[in-house]
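Remarks on the structure that follows.
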Amino acid sequence: MAAYDALARVYDALMDDVDYDGWADYYLKLTARPGLDLRHICDCACGTGAMSVRFAGRGLRVTGVDLSAQMLERAQEKARLNGVQAMFVCQDMCALSLPRPADALVCACDGVNYLLDDARLNAFFASARRALKPGGALAFDISSAWKLENVLGNGFFGEERDDEAYLWSNRWDADSKTATMDITFFVRDREDLYRRYVEIHVQKAHEPEHLVQLLRENGFVDIRVYGDRTFESPKPQEARIHFSATRE
C-alpha cells in the first residue's frame, strides 16, 4: 500500500490539534510579493486539503496536488462540506502539469522531506518553476535535521482513541541522514472489529544551505530561510524551517 493511502483514513483525526488557520495565514504572507496579484495558488502534497480549503476560503483559486488518490477523495469532500471550490489533481509534484501557471506554489508539512535525493529535489524545483508565472512565489517547509535526529530519531510513539489507534516506530540512519517511520494503524470498522494497516515512510534531513543552492540553480531568486512560522533566521534547534523564493 502506498504511503498515505491507509493514513488517509485517520489523518485528520490525528492532526486535529494543528493550527491550520494560522499556518495558512503564514503561507500567504510568505508568498506575498510587491506587484504580484495573488489569485491562483497550487498546494503541493495537499493531503486531505486542510490548507487548500483555507486558501479557497480566503478567495483564492486553488489547485491541490497529491500522489494519494485516497487523500484527495477526502480533500474533495472537505471542500464540499466547507462550501468552497478547489480543483484536486492526482500528480507527482516533481512532474507538475497545470492547465495554466500559478501565481504561487506551496508545499507544507514535510513534503520536501520525502524527496530523498538531489534528482528528486531538482525535479521538484524545476517543476515548480515551470508551474509558476514569472515573478511567482514558491514557499515550502521541512522538518529540520535536528528534529528528525533528536525528536523523532529512534523514538516510539503511540496513541489510542475511540475509533482509531496507532503505533509509530522510527529508525534514524546517520549515514544517509534519513528517518524511516514504521506506522501501524488500527481503524474501527464495526463495534467489535478493527482493521490493521501498515505504512512505511522515509524522510530525508536536508541542510538549508543545500536547498538554497539548488533553488538558485533552478532559476529562483530572493531566497529566504526562516524559523518555524517566523520571519527570523532559524535557531540551532529549530524543529521546522520555512523557505520562500521567487521565480525569475
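The way I read the labels, and the way they are meant: chains A, B, ... in the order of the C-alpha cells, residue 1 as the first residue of every chain, and ligand 1 as the first ligand shown, with later ones counted on from there.
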
Write down as a PyMOL selection string the residues belonging to region 20-206 of chain A that are assigned strand (DSSP E or B) by DSSP computed on the backbone.
-> chain A and resi 40-44+61-66+87-90+102-107+132-143+156-160+164-173+178-190+193-204

With a distance cut-off of 9 Å and only C-alpha atoms, select the neighbouring residues of Val212 (chain A), excluding the residue or stretch itself and same-chain residues fewer than 2 positions from it, and output the selection as number ranges by chain.
-> A: 207-210, 214-217, 223-225, 243

Where in region 19-64 of chain A does DSSP assign alpha helix (DSSP H), given as a ChimeraX atom specification?
-> /A:20-30,50-57

Atom-to-atom span, CA of Gly155 (chain A) and CA of Thr178 (chain A), Å =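 Going from CA of Gly155 (chain A) over to CA of Thr178 (chain A) covers 13.6 Å.
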
Skipping near chain neighbours, those fewer than 5 positions away, what residues fall within 12 Å of Glu191 (chain A) using only C-alpha atoms, listed as a list in words?
->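 So, after excluding close chain neighbours, the residues are Asp162, Asp163 and Glu164 of chain A.
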
Restrict the selected residues to C-alpha atoms and save them as a PDB file, in the first residue's frame.
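The result, written out as result_23.pdb:
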```pdb
ATOM      1  CA  ASP A 162     -12.248   5.579  20.415  1.00  0.00           C
ATOM      2  CA  ASP A 163     -12.191   4.741  16.702  1.00  0.00           C
ATOM      3  CA  GLU A 164      -8.504   4.556  15.849  1.00  0.00           C
TER       4      GLU A 164
END
```

Exercise: Glu248 (chain A) partners within 7 Å, only C-alpha atoms, chain neighbours under 2 positions left out, as a VMD selection string = chain A and resid 134 to 135 219 to 221 246

Residues just named, written with C-alpha atoms as a PDB file, in the first residue's frame:
```
ATOM      1  CA  PRO A 134       7.445  34.893 -13.883  1.00  0.00           C
ATOM      2  CA  GLY A 135       7.696  36.671 -10.547  1.00  0.00           C
ATOM      3  CA  GLY A 219      16.083  29.751 -11.521  1.00  0.00           C
ATOM      4  CA  PHE A 220      14.816  31.100  -8.209  1.00  0.00           C
ATOM      5  CA  VAL A 221      15.930  34.387  -6.651  1.00  0.00           C
ATOM      6  CA  THR A 246      10.717  33.993  -6.343  1.00  0.00           C
TER       7      THR A 246
END
```

A:Lys78, A:Arg39, A:Gln70, A:Ala245: which is nearest Met51 (chain A), counting only C-alpha atoms?
->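 Nearest candidate to Met51 (chain A) out of A:Lys78, A:Arg39, A:Gln70, A:Ala245: A:Lys78.
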
Ala75 (chain A) environment, 12 Å, only C-alpha atoms, sequence neighbours closer than 5 positions dropped, as JSON, numbers by chain | {"A": [8, 9, 11, 12, 43, 45, 46, 47, 48, 49, 50, 51, 52, 53, 54, 62, 63, 64, 65, 66, 68, 69, 70, 80, 81, 82, 84, 85, 86, 87, 88, 89, 90]}

Which is closest to Pro236 (chain A) among A:Leu121, A:Ile183, A:Ala145, A:Leu193, if we use only C-alpha atoms?
->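 Smallest distance to Pro236 (chain A) is found for A:Ala145.
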
Separating CA of Trp172 (chain A) from CA of Val151 (chain A), to the nearest tenth of an Å, is a gap of 10.4 Å

Just the residues within 7 Å of region 103-114 of chain A, please, counting only C-alpha atoms, with nothing from its chain fewer than 4 positions along; format it as a PyMOL selection string.
-> chain A and resi 31+38-45+132-133+136-143+202-205

Work out how far CA of Glu232 (chain A) is from CA of Ala32 (chain A), in Å to one decimal.
->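 Answer for the CA of Ala32 (chain A) to CA of Glu232 (chain A) separation: 16.4 Å.
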
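Nearest to Arg171 (chain A) of all the residues A:Asp17, A:Asp228, A:Glu149, A:Asp92 is A:Glu149, counting only C-alpha atoms.
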